[in-house]
file model_25.txt (compact mmCIF, C-alpha atoms and all ligand atoms)
# COMPACT_ATOMS: atom_id res chain seq x y z
CA MET A 636 -7.56 -9.11 30.69
CA PRO A 637 -6.24 -6.73 28.08
CA ILE A 638 -2.91 -7.48 26.40
CA ARG A 639 -0.35 -4.87 27.46
CA LYS A 640 2.28 -3.89 24.84
CA LYS A 641 4.86 -1.19 24.33
CA VAL A 642 4.49 -1.25 20.55
CA THR A 643 1.52 -2.43 18.50
CA ILE A 644 1.57 -2.42 14.71
CA LEU A 645 -1.56 -2.53 12.59
CA GLY A 646 -1.01 -4.33 9.29
CA SER A 647 1.33 -7.01 7.97
CA GLY A 648 2.42 -5.60 4.62
CA ALA A 649 5.94 -4.39 3.84
CA ALA A 650 5.56 -1.35 6.14
CA GLY A 651 4.14 -3.21 9.16
CA LEU A 652 6.58 -6.11 8.95
CA THR A 653 9.61 -3.85 8.55
CA ALA A 654 8.45 -1.85 11.56
CA ALA A 655 8.10 -5.17 13.42
CA ILE A 656 11.62 -6.31 12.48
CA TYR A 657 13.13 -3.06 13.80
CA ALA A 658 10.98 -2.90 16.93
CA ALA A 659 11.63 -6.57 17.70
CA ARG A 660 15.39 -6.15 17.28
CA ALA A 661 15.17 -3.23 19.73
CA ASN A 662 13.67 -5.68 22.26
CA LEU A 663 10.29 -3.94 22.19
CA GLU A 664 8.44 -7.27 21.64
CA PRO A 665 5.98 -5.77 19.16
CA LEU A 666 2.53 -7.11 18.49
CA VAL A 667 1.38 -7.14 14.86
CA ILE A 668 -2.35 -7.17 14.26
CA GLN A 669 -2.14 -8.61 10.78
CA GLY A 670 -5.51 -7.74 9.35
CA LEU A 671 -7.29 -10.16 7.07
CA GLN A 672 -4.72 -9.89 4.27
CA THR A 673 -1.62 -11.40 5.86
CA GLY A 674 1.38 -10.03 3.95
CA GLY A 675 -0.59 -7.18 2.37
CA GLN A 676 -0.89 -6.22 -1.30
CA LEU A 677 2.21 -8.05 -2.50
CA THR A 678 0.46 -11.34 -1.81
CA ILE A 679 -1.81 -10.72 -4.80
CA THR A 680 1.01 -10.36 -7.29
CA THR A 681 3.52 -12.78 -8.82
CA ASP A 682 7.02 -11.60 -9.79
CA VAL A 683 8.54 -8.74 -7.79
CA GLU A 684 11.69 -7.62 -9.59
CA ASN A 685 12.37 -4.25 -7.95
CA PHE A 686 12.78 -5.17 -4.29
CA PRO A 687 16.53 -4.94 -3.60
CA GLY A 688 18.37 -8.12 -2.73
CA PHE A 689 16.71 -10.45 -5.22
CA PRO A 690 18.62 -10.26 -8.52
CA ASN A 691 16.41 -12.92 -10.05
CA GLY A 692 13.19 -11.47 -8.61
CA ILE A 693 10.97 -13.10 -6.04
CA GLN A 694 7.31 -14.05 -5.91
CA GLY A 695 5.27 -11.52 -3.89
CA PRO A 696 3.82 -14.09 -1.43
CA GLU A 697 7.26 -15.61 -0.85
CA LEU A 698 8.80 -12.21 -0.10
CA MET A 699 6.09 -11.53 2.47
CA GLU A 700 6.44 -14.99 4.07
CA GLN A 701 10.14 -14.26 4.53
CA MET A 702 9.40 -10.88 6.15
CA ILE A 703 6.90 -12.53 8.52
CA ALA A 704 9.49 -15.16 9.52
CA GLN A 705 12.20 -12.51 9.91
CA ALA A 706 10.07 -10.44 12.30
CA GLU A 707 9.03 -13.57 14.22
CA ARG A 708 12.66 -14.61 14.68
CA PHE A 709 13.27 -11.54 16.84
CA GLY A 710 10.17 -11.98 18.99
CA THR A 711 7.27 -10.38 17.12
CA GLN A 712 3.87 -11.71 18.15
CA TYR A 713 0.99 -11.89 15.69
CA ILE A 714 -2.77 -11.70 15.94
CA TYR A 715 -4.65 -12.72 12.81
CA ASP A 716 -7.58 -10.30 12.93
CA ASN A 717 -8.61 -6.78 12.01
CA ALA A 718 -8.44 -3.94 14.50
CA GLU A 719 -12.12 -3.05 14.87
CA SER A 720 -11.99 0.00 17.12
CA ILE A 721 -9.40 2.34 18.58
CA ASP A 722 -9.21 4.89 21.37
CA LEU A 723 -6.36 7.35 20.87
CA SER A 724 -7.61 9.93 23.38
CA LYS A 725 -5.21 8.79 26.12
CA ARG A 726 -2.05 6.71 26.51
CA PRO A 727 -1.81 3.82 26.67
CA PHE A 728 -3.95 3.66 23.52
CA THR A 729 -6.66 1.00 23.28
CA ILE A 730 -7.12 -1.26 20.26
CA LYS A 731 -9.92 -3.80 20.03
CA THR A 732 -10.13 -6.76 17.68
CA SER A 733 -13.09 -9.14 17.58
CA SER A 734 -11.68 -11.08 20.55
CA GLU A 735 -8.86 -9.07 22.16
CA GLU A 736 -8.30 -5.74 23.82
CA ILE A 737 -4.78 -4.32 23.56
CA LEU A 738 -3.30 -1.45 25.54
CA THR A 739 -0.22 0.00 23.89
CA ASP A 740 2.21 2.86 24.53
CA VAL A 741 2.94 3.27 20.83
CA LEU A 742 0.77 2.53 17.82
CA ILE A 743 2.24 2.20 14.32
CA ILE A 744 -0.46 2.27 11.65
CA CYS A 745 0.41 0.36 8.47
CA THR A 746 -3.03 -0.60 7.17
CA GLY A 747 -2.05 0.15 3.57
CA ALA A 748 -4.28 0.83 0.65
CA SER A 749 -6.25 -1.19 -1.84
CA ALA A 750 -6.19 -0.66 -5.57
CA LYS A 751 -9.75 -0.03 -6.72
CA LEU A 752 -10.84 -2.78 -9.09
CA LEU A 753 -13.73 -3.12 -11.53
CA GLY A 754 -15.12 -6.21 -9.86
CA LEU A 755 -14.85 -8.55 -12.87
CA GLU A 756 -14.24 -12.20 -12.00
CA ALA A 757 -11.48 -12.45 -14.64
CA GLU A 758 -9.77 -9.38 -13.19
CA SER A 759 -9.12 -11.02 -9.81
CA LYS A 760 -8.40 -14.47 -11.30
CA LEU A 761 -5.78 -13.04 -13.70
CA MET A 762 -4.26 -10.51 -11.25
CA GLY A 763 -0.50 -11.05 -11.46
CA HIS A 764 -1.00 -13.12 -14.64
CA GLY A 765 -1.38 -10.29 -17.14
CA VAL A 766 -3.71 -8.10 -15.09
CA SER A 767 -2.05 -5.50 -12.88
CA ALA A 768 -2.92 -2.47 -10.79
CA CYS A 769 0.61 -1.02 -10.87
CA ALA A 770 2.45 0.00 -14.05
CA THR A 771 5.60 1.03 -12.14
CA CYS A 772 5.73 -2.47 -10.70
CA ASP A 773 4.79 -4.56 -13.71
CA GLY A 774 5.36 -2.46 -16.86
CA PHE A 775 8.72 -4.12 -17.44
CA PHE A 776 7.02 -7.49 -18.00
CA PHE A 777 5.18 -6.14 -21.05
CA LYS A 778 8.06 -5.50 -23.45
CA GLU A 779 6.82 -5.69 -27.06
CA LYS A 780 3.29 -6.48 -25.83
CA LYS A 781 -0.16 -5.08 -26.47
CA VAL A 782 -1.69 -3.61 -23.32
CA PHE A 783 -4.86 -1.81 -22.25
CA VAL A 784 -5.18 0.71 -19.42
CA VAL A 785 -8.56 1.29 -17.77
CA GLY A 786 -9.26 4.74 -16.32
CA GLY A 787 -9.48 8.41 -17.15
CA GLY A 788 -7.65 10.22 -14.35
CA ASP A 789 -4.08 11.47 -14.03
CA THR A 790 -2.85 8.05 -12.87
CA ALA A 791 -4.34 6.25 -15.88
CA LEU A 792 -2.74 8.62 -18.38
CA GLU A 793 0.57 8.66 -16.53
CA GLU A 794 0.60 4.85 -16.44
CA ALA A 795 -0.32 4.70 -20.15
CA MET A 796 2.60 6.97 -21.06
CA PHE A 797 4.97 5.00 -18.83
CA LEU A 798 3.87 1.74 -20.48
CA THR A 799 4.77 3.06 -23.96
CA ARG A 800 8.42 2.59 -22.91
CA PHE A 801 7.86 -1.15 -23.04
CA ALA A 802 4.69 -2.09 -24.90
CA THR A 803 4.20 -1.92 -28.66
CA SER A 804 0.69 -0.55 -28.21
CA VAL A 805 -1.12 1.03 -25.27
CA THR A 806 -4.86 1.66 -25.45
CA VAL A 807 -6.71 3.62 -22.77
CA ILE A 808 -10.29 2.50 -22.13
CA HIS A 809 -12.33 5.30 -20.60
CA ARG A 810 -16.06 5.36 -19.94
CA ARG A 811 -16.52 9.04 -20.88
CA GLU A 812 -15.63 11.33 -23.76
CA ALA A 813 -13.69 13.73 -21.53
CA PHE A 814 -10.91 12.81 -19.12
CA ARG A 815 -10.88 13.53 -15.40
CA ALA A 816 -7.11 14.01 -15.70
CA SER A 817 -5.63 17.51 -15.56
CA ALA A 818 -5.46 19.42 -18.85
CA ILE A 819 -1.67 19.30 -18.88
CA MET A 820 -1.66 15.51 -18.47
CA VAL A 821 -4.24 15.08 -21.26
CA GLU A 822 -2.12 17.30 -23.48
CA ARG A 823 1.04 15.30 -22.76
CA ALA A 824 -0.73 11.99 -23.35
CA LYS A 825 -2.21 13.20 -26.63
CA ARG A 826 1.25 14.16 -27.85
CA ASN A 827 2.40 10.59 -27.25
CA THR A 828 1.56 8.87 -30.52
CA LYS A 829 1.89 5.37 -29.00
CA VAL A 830 -1.20 5.91 -26.81
CA GLU A 831 -4.58 5.14 -28.39
CA TYR A 832 -8.04 5.62 -26.90
CA LEU A 833 -11.35 3.79 -26.69
CA LEU A 834 -13.64 6.48 -25.28
CA ASN A 835 -17.23 6.10 -24.08
CA SER A 836 -16.23 2.50 -23.49
CA VAL A 837 -16.11 0.03 -20.62
CA LEU A 838 -14.12 -3.15 -20.09
CA GLU A 839 -16.70 -5.95 -19.97
CA ASP A 840 -14.41 -8.96 -19.64
CA ILE A 841 -10.86 -10.22 -19.91
CA THR A 842 -9.99 -13.54 -21.56
CA ASP A 843 -8.72 -16.21 -20.95
CA VAL A 844 -9.14 -17.40 -17.37
CA SER A 845 -8.99 -21.06 -18.46
CA LYS A 846 -5.47 -20.50 -19.86
CA GLY A 847 -4.35 -18.52 -16.80
CA GLU A 848 -3.18 -15.60 -18.95
CA VAL A 849 -4.51 -12.52 -20.71
CA THR A 850 -5.28 -13.15 -24.37
CA GLY A 851 -7.89 -10.48 -25.06
CA VAL A 852 -10.40 -7.93 -23.83
CA LYS A 853 -14.11 -7.40 -24.46
CA VAL A 854 -14.92 -3.71 -24.64
CA ARG A 855 -18.44 -2.25 -24.85
CA ASN A 856 -19.18 1.16 -26.31
CA ILE A 857 -21.76 2.61 -23.91
CA LYS A 858 -23.30 4.82 -26.63
CA THR A 859 -23.81 2.12 -29.27
CA ASN A 860 -23.75 -0.96 -26.99
CA GLU A 861 -21.46 -2.58 -29.54
CA VAL A 862 -19.01 -5.08 -28.00
CA GLN A 863 -15.58 -5.54 -29.59
CA GLU A 864 -13.20 -8.39 -28.81
CA LEU A 865 -9.59 -7.29 -29.13
CA PRO A 866 -6.36 -9.24 -28.65
CA ALA A 867 -4.37 -8.20 -25.56
CA ASP A 868 -1.39 -9.33 -23.51
CA GLY A 869 -1.96 -7.17 -20.48
CA VAL A 870 -4.58 -5.05 -18.70
CA PHE A 871 -3.72 -2.31 -16.20
CA ILE A 872 -6.53 -1.18 -13.93
CA ALA A 873 -5.84 2.47 -13.06
CA ILE A 874 -9.04 3.72 -11.45
CA GLY A 875 -7.47 4.81 -8.18
CA HIS A 876 -6.51 3.59 -4.74
CA GLN A 877 -8.43 3.53 -1.50
CA PRO A 878 -6.41 3.95 1.71
CA ASN A 879 -7.59 1.63 4.49
CA THR A 880 -8.40 4.41 6.95
CA ASP A 881 -12.10 4.04 7.85
CA LEU A 882 -11.04 3.04 11.36
CA PHE A 883 -9.19 6.33 11.89
CA LYS A 884 -11.89 8.76 10.77
CA GLY A 885 -12.59 11.15 13.62
CA HIS A 886 -9.42 10.01 15.45
CA LEU A 887 -6.65 11.29 13.16
CA PRO A 888 -6.49 13.97 10.47
CA LEU A 889 -6.86 12.51 6.96
CA ASP A 890 -6.21 14.33 3.69
CA GLU A 891 -8.91 14.93 1.07
CA ASN A 892 -8.32 11.45 -0.40
CA GLY A 893 -8.47 9.71 2.98
CA TYR A 894 -4.71 9.19 3.53
CA ILE A 895 -3.36 9.73 7.06
CA LYS A 896 -1.65 13.11 7.32
CA VAL A 897 1.92 12.95 8.64
CA THR A 898 4.65 15.43 9.48
CA ASN A 899 8.39 14.83 9.88
CA GLY A 900 8.08 11.62 7.88
CA VAL A 901 5.87 9.35 9.95
CA HIS A 902 4.41 11.40 12.83
CA THR A 903 0.67 11.83 13.15
CA ASN A 904 -0.62 14.69 15.29
CA ILE A 905 -0.82 12.39 18.33
CA LYS A 906 2.33 11.67 20.33
CA GLY A 907 3.04 7.93 20.14
CA VAL A 908 0.96 7.29 17.00
CA PHE A 909 2.92 6.85 13.78
CA ALA A 910 1.82 5.96 10.25
CA ALA A 911 3.90 4.24 7.57
CA GLY A 912 3.51 2.80 4.09
CA ASP A 913 0.69 3.20 1.59
CA VAL A 914 -1.74 4.36 4.29
CA MET A 915 0.08 7.73 4.35
CA ASP A 916 1.73 7.72 0.92
CA SER A 917 -0.42 8.37 -2.12
CA VAL A 918 2.62 9.13 -4.30
CA TYR A 919 5.27 6.38 -4.32
CA ARG A 920 3.21 3.32 -3.31
CA GLN A 921 6.07 0.82 -3.54
CA ALA A 922 7.10 -2.04 -1.27
CA VAL A 923 10.54 -0.57 -0.71
CA THR A 924 9.20 2.88 0.23
CA ALA A 925 6.62 1.25 2.53
CA ALA A 926 9.44 -0.73 4.16
CA GLY A 927 11.50 2.47 4.47
CA THR A 928 8.79 4.37 6.30
CA GLY A 929 8.04 1.28 8.42
CA CYS A 930 11.68 1.42 9.54
CA GLN A 931 11.41 5.16 10.28
CA ALA A 932 8.26 4.64 12.37
CA ALA A 933 9.86 1.87 14.44
CA LEU A 934 12.96 3.97 15.11
CA GLU A 935 10.85 6.98 16.09
CA ALA A 936 8.82 4.70 18.40
CA GLN A 937 11.99 3.37 19.97
CA TRP A 938 13.45 6.84 20.52
CA LEU A 939 10.20 8.11 22.02
CA LEU A 940 10.01 5.20 24.46
CA GLU A 941 13.68 5.57 25.42
CA LYS A 942 13.25 9.29 26.00
CA GLU A 943 10.16 8.72 28.14
CA GLU A 944 11.87 5.96 30.08
CA ALA A 945 14.85 8.23 30.74
CA GLU A 946 12.48 10.95 31.93
CA GLY A 947 10.50 8.51 34.06
CA GLU A 948 7.30 8.98 32.08
CA MET A 949 6.88 5.34 31.00
CA GLY A 950 3.66 3.69 31.95
CA LYS A 951 2.15 6.90 33.28
CA PRO A 952 -1.29 7.22 31.72
CA GLU A 953 -1.66 10.62 30.13
CA GLU A 954 -3.97 12.50 27.82
CA ALA A 955 -2.63 12.04 24.29
CA LYS A 956 -0.92 15.25 23.28
CA ALA A 957 -1.38 16.77 19.88
CA GLY A 958 1.44 18.25 17.80
CA ALA A 959 4.11 15.70 18.61
CA GLY A 960 7.35 16.39 16.74
CA ALA A 961 10.36 14.17 16.08
CA VAL A 962 12.01 13.10 19.32
CA ARG A 963 15.33 11.92 17.91
CA GLU A 964 18.51 13.29 19.36
CA PRO A 965 21.35 13.18 16.81
CA ALA A 966 23.72 11.12 18.98
CA LYS A 967 21.13 8.37 19.31
CA ALA A 968 21.08 7.59 15.60
CA ASP A 969 24.75 6.61 15.71
CA SER A 970 24.37 4.36 18.72
CA LEU A 971 21.70 2.38 16.86
CA ARG A 972 23.90 1.32 13.99
CA SER A 973 25.00 -2.23 14.55
C1 LIG B 1001 -0.95 -6.12 -7.99
C2 LIG B 1001 0.11 -5.33 -7.29
C3 LIG B 1001 1.44 -5.51 -7.65
C4 LIG B 1001 2.44 -4.79 -7.01
N1 LIG B 1001 3.73 -5.02 -7.35
C5 LIG B 1001 4.72 -4.34 -6.74
C6 LIG B 1001 6.09 -4.57 -7.08
O1 LIG B 1001 6.40 -5.36 -7.96
N2 LIG B 1001 7.01 -3.84 -6.41
C7 LIG B 1001 6.70 -2.93 -5.44
O2 LIG B 1001 7.59 -2.33 -4.84
N3 LIG B 1001 5.40 -2.70 -5.09
C8 LIG B 1001 4.42 -3.37 -5.72
N4 LIG B 1001 3.12 -3.13 -5.40
C9 LIG B 1001 2.83 -2.11 -4.38
C10 LIG B 1001 3.08 -2.69 -2.99
O3 LIG B 1001 2.37 -3.91 -2.88
C11 LIG B 1001 2.64 -1.72 -1.92
O4 LIG B 1001 3.30 -0.48 -2.09
C12 LIG B 1001 2.98 -2.28 -0.52
O5 LIG B 1001 2.36 -3.53 -0.35
C13 LIG B 1001 2.53 -1.33 0.57
O6 LIG B 1001 2.78 -1.93 1.79
P1 LIG B 1001 1.99 -1.49 3.12
O7 LIG B 1001 2.59 -2.29 4.21
O8 LIG B 1001 1.99 -0.02 3.24
O9 LIG B 1001 0.48 -1.89 2.89
P2 LIG B 1001 -0.27 -3.18 2.35
O10 LIG B 1001 0.63 -4.09 1.59
O11 LIG B 1001 -1.48 -2.63 1.68
O12 LIG B 1001 -0.69 -3.95 3.70
C14 LIG B 1001 -1.70 -3.47 4.51
C15 LIG B 1001 -1.88 -4.41 5.66
O13 LIG B 1001 -2.83 -3.82 6.58
C16 LIG B 1001 -3.72 -4.82 7.02
N5 LIG B 1001 -4.95 -4.16 7.49
C17 LIG B 1001 -5.87 -3.45 6.79
N6 LIG B 1001 -6.86 -3.03 7.60
C18 LIG B 1001 -6.54 -3.45 8.86
C19 LIG B 1001 -7.15 -3.34 10.15
N7 LIG B 1001 -8.33 -2.70 10.33
N8 LIG B 1001 -6.53 -3.91 11.21
C20 LIG B 1001 -5.34 -4.54 11.06
N9 LIG B 1001 -4.72 -4.69 9.86
C21 LIG B 1001 -5.33 -4.15 8.78
C22 LIG B 1001 -3.89 -5.76 5.83
O14 LIG B 1001 -4.34 -7.03 6.24
C23 LIG B 1001 -2.45 -5.78 5.30
O15 LIG B 1001 -1.73 -6.78 5.97
C24 LIG B 1001 2.09 -3.84 -6.01
C25 LIG B 1001 0.76 -3.65 -5.65
C26 LIG B 1001 -0.22 -4.39 -6.28
C27 LIG B 1001 -1.66 -4.19 -5.88

call {"tool": "encode", "arguments": {"input": "model_25.txt", "output": "structure tokens"}}
result
Amino acid sequence: MPIRKKVTILGSGAAGLTAAIYAARANLEPLVIQGLQTGGQLTITTDVENFPGFPNGIQGPELMEQMIAQAERFGTQYIYDNAESIDLSKRPFTIKTSSEEILTDVLIICTGASAKLLGLEAESKLMGHGVSACATCDGFFFKEKKVFVVGGGDTALEEAMFLTRFATSVTVIHRREAFRASAIMVERAKRNTKVEYLLNSVLEDITDVSKGEVTGVKVRNIKTNEVQELPADGVFIAIGHQPNTDLFKGHLPLDENGYIKVTNGVHTNIKGVFAAGDVMDSVYRQAVTAAGTGCQAALEAQWLLEKEEAEGEMGKPEEAKAGAGAVREPAKADSLRS
């Protein structure tokens, strides 16, 4: 027998869990299909110092455990699995995991994104201990430190310039002579005298896993094959992000980088399907913005269901309609504040 839900949320990062908290407090008894990374990206980092409410910071995994418990307290149910297939052609929508079939009136997609990594063993072992994939998040921890940034696109150069606010030296490691970044970004970075470059070079290894911290980098020049060992306090991997949207190809419009396209904040082009967090946001990519859009998606879901209930449409199977706009009526927003 399929599980029948009003609201199903894919993903248990900051976006999915915030959507769950709001939907659960609206008595919608949401189901969260957690995916295989319970708690999302913040579970692979250590100190989170920019999430409001924690003046002394909080460990990423602890923050996510608290969000899980908070959503559970109001009646959220969880399935620990990936969604493996979806059918969005008619409502209720169908979601299949390896062992369950779920029919749902509303689907909130919060499957996030993954920072692309180089695949070095030391990189994953030292992630959150001197290795980072987010300068906005972790730059502050590198005051008066020596850091390296890997990458040659706009993000890498932007992160390198941002890091010069804190670090004493910032060196960009890039495998080619020329940058993929836009000319204007290259120009700006070159004007910043605190940024240095190791071109035609690749990061071969990061030391020292046995000490649990970054003490140095091994960099190979791909033209000469010469390997240099350089002291380092931090390494930022800035080679891009991959939205987790394979499942939605052919079902929902994606932009040229694979992010789900939304209008009016969190609406996809299918009525009843919303997207929130890093899966639709290639710009801000922060826990608090993911949580913010998760909240928006849950409220939009609630208003849609209330409107349909009032109009007697609830539970009626229908062909999913394209071009759904916001359904909020202004008066409703006030009645929700509690
Ligand atoms: C190392 C690191 C440090 C960071 N530090 C900070 C910080 O200090 N402050 C800050 O604000 N931000 C930080 N960020 C960014 C922050 O983690 C993200 O912006 C935030 O996690 C996005 O939340 P999300 O819910 O959109 O997605 P994610 O956290 O990416 O969660 C995605 C969820 O979707 C699930 N999922 C994926 N595929 C499926 C599927 N097929 N079916 C079901 N579920 C699926 C996953 O299991 C996961 O639970 C950091 C990121 C990284 C990588």

call {"tool": "residues_near_ligand", "arguments": {"input": "model_25.txt", "ligand": "ligand LIG 1001 (chain B)", "cutoff": "7 Å", "atoms": "all atoms listed in the file", "output": "ChimeraX atom specification"}}
result
/A:645-651,668-677,679-680,682-686,716-719,745-750,762-763,767-769,772-773,879,882,911-914,920-923,925

call {"tool": "residues_around", "arguments": {"input": "model_25.txt", "residues": "Asp840 of chain A", "least_positions_apart": "3", "cutoff": "12 Å", "atoms": "all atoms listed in the file", "output": "ChimeraX atom specification"}}
result
/A:753-761,766,785,837,843-844,849-855,862-865,867,870

call {"tool": "closest_residue", "arguments": {"input": "model_25.txt", "among": "A:Ala936, A:Ala655, A:Arg639, A:Tyr832", "to": "Ala704 of chain A", "atoms": "all atoms listed in the file"}}
result
A:Ala655

call {"tool": "closest_residue", "arguments": {"input": "model_25.txt", "among": "A:Glu664, A:Glu861, A:Asp916, A:Glu794", "to": "Gly900 of chain A", "atoms": "only C-alpha atoms"}}
result
A:Asp916

call {"tool": "residues_around", "arguments": {"input": "model_25.txt", "residues": "Asp722 of chain A", "least_positions_apart": "3", "cutoff": "10 Å", "atoms": "only C-alpha atoms", "output": "list of chain:residue names"}}
result
A:Lys725, A:Arg726, A:Pro727, A:Phe728, A:Thr729, A:Ile730, A:Lys731, A:Leu738, A:Phe883, A:His886

call {"tool": "closest_residue", "arguments": {"input": "model_25.txt", "among": "A:Val782, A:Leu934, A:Ile874, A:Leu833", "to": "Lys858 of chain A", "atoms": "only C-alpha atoms"}}
result
A:Leu833

call {"tool": "closest_residue", "arguments": {"input": "model_25.txt", "among": "A:Ile744, A:Met796, A:Met636, A:Ala873", "to": "Val897 of chain A", "atoms": "all atoms listed in the file"}}
result
A:Ile744

call {"tool": "atom_distance", "arguments": {"input": "model_25.txt", "atom1": "atom CA of Asn827 of chain A", "atom2": "atom CA of Glu848 of chain A"}}
result
28.0 Å

call {"tool": "atom_distance", "arguments": {"input": "model_25.txt", "atom1": "atom CA of Ser836 of chain A", "atom2": "atom CA of His809 of chain A"}}
result
5.6 Å

call {"tool": "closest_residue", "arguments": {"input": "model_25.txt", "among": "A:Ala658, A:Met699, A:Val918, A:Ile808", "to": "Ile644 of chain A", "atoms": "only C-alpha atoms"}}
result
A:Ala658

call {"tool": "atom_distance", "arguments": {"input": "model_25.txt", "atom1": "atom CA of Thr739 of chain A", "atom2": "atom CA of Thr924 of chain A"}}
result
25.6 Å

call {"tool": "decode", "arguments": {"input": "model_25.txt", "residues": "segment 888-902 of chain A", "atoms": "N, CA, C and O atoms", "output": "tab-separated table (two decimals), in the first residue's frame"}}
result
chain	number	residue	atom	x	y	z
A	888	PRO	N	11.96	22.04	-15.24
A	888	PRO	CA	12.99	22.83	-15.92
A	888	PRO	C	14.19	23.11	-15.00
A	888	PRO	O	14.01	23.51	-13.85
A	889	LEU	N	15.38	22.88	-15.53
A	889	LEU	CA	16.62	23.15	-14.79
A	889	LEU	C	17.37	24.24	-15.56
A	889	LEU	O	17.22	24.36	-16.78
A	890	ASP	N	18.19	25.03	-14.86
A	890	ASP	CA	18.97	26.03	-15.59
A	890	ASP	C	20.22	25.39	-16.19
A	890	ASP	O	20.42	24.17	-16.06
A	891	GLU	N	21.05	26.18	-16.84
A	891	GLU	CA	22.19	25.61	-17.58
A	891	GLU	C	23.20	24.91	-16.66
A	891	GLU	O	23.98	24.09	-17.11
A	892	ASN	N	23.16	25.24	-15.36
A	892	ASN	CA	24.06	24.56	-14.43
A	892	ASN	C	23.38	23.44	-13.65
A	892	ASN	O	23.95	22.88	-12.71
A	893	GLY	N	22.13	23.16	-14.01
A	893	GLY	CA	21.43	22.02	-13.38
A	893	GLY	C	20.60	22.38	-12.18
A	893	GLY	O	20.00	21.50	-11.55
A	894	TYR	N	20.53	23.68	-11.80
A	894	TYR	CA	19.70	24.08	-10.65
A	894	TYR	C	18.22	24.14	-11.07
A	894	TYR	O	17.92	24.50	-12.22
A	895	ILE	N	17.32	23.81	-10.13
A	895	ILE	CA	15.89	23.87	-10.44
A	895	ILE	C	15.48	25.33	-10.64
A	895	ILE	O	15.82	26.20	-9.82
A	896	LYS	N	14.77	25.59	-11.74
A	896	LYS	CA	14.31	26.95	-12.00
A	896	LYS	C	13.07	27.23	-11.18
A	896	LYS	O	12.14	26.41	-11.16
A	897	VAL	N	13.05	28.39	-10.50
A	897	VAL	CA	11.86	28.78	-9.72
A	897	VAL	C	11.41	30.17	-10.10
A	897	VAL	O	12.19	30.97	-10.61
A	898	THR	N	10.12	30.42	-9.82
A	898	THR	CA	9.58	31.78	-9.98
A	898	THR	C	8.89	32.12	-8.67
A	898	THR	O	8.56	31.21	-7.89
A	899	ASN	N	8.65	33.41	-8.43
A	899	ASN	CA	8.01	33.84	-7.18
A	899	ASN	C	8.64	33.17	-5.96
A	899	ASN	O	7.94	32.67	-5.09
A	900	GLY	N	9.94	33.10	-5.92
A	900	GLY	CA	10.64	32.55	-4.76
A	900	GLY	C	10.90	31.06	-4.84
A	900	GLY	O	12.02	30.63	-5.04
A	901	VAL	N	9.84	30.26	-4.68
A	901	VAL	CA	10.04	28.82	-4.52
A	901	VAL	C	9.14	27.96	-5.42
A	901	VAL	O	9.09	26.74	-5.25
A	902	HIS	N	8.44	28.58	-6.36
A	902	HIS	CA	7.50	27.84	-7.22
A	902	HIS	C	8.23	27.24	-8.41
A	902	HIS	O	8.95	27.95	-9.12
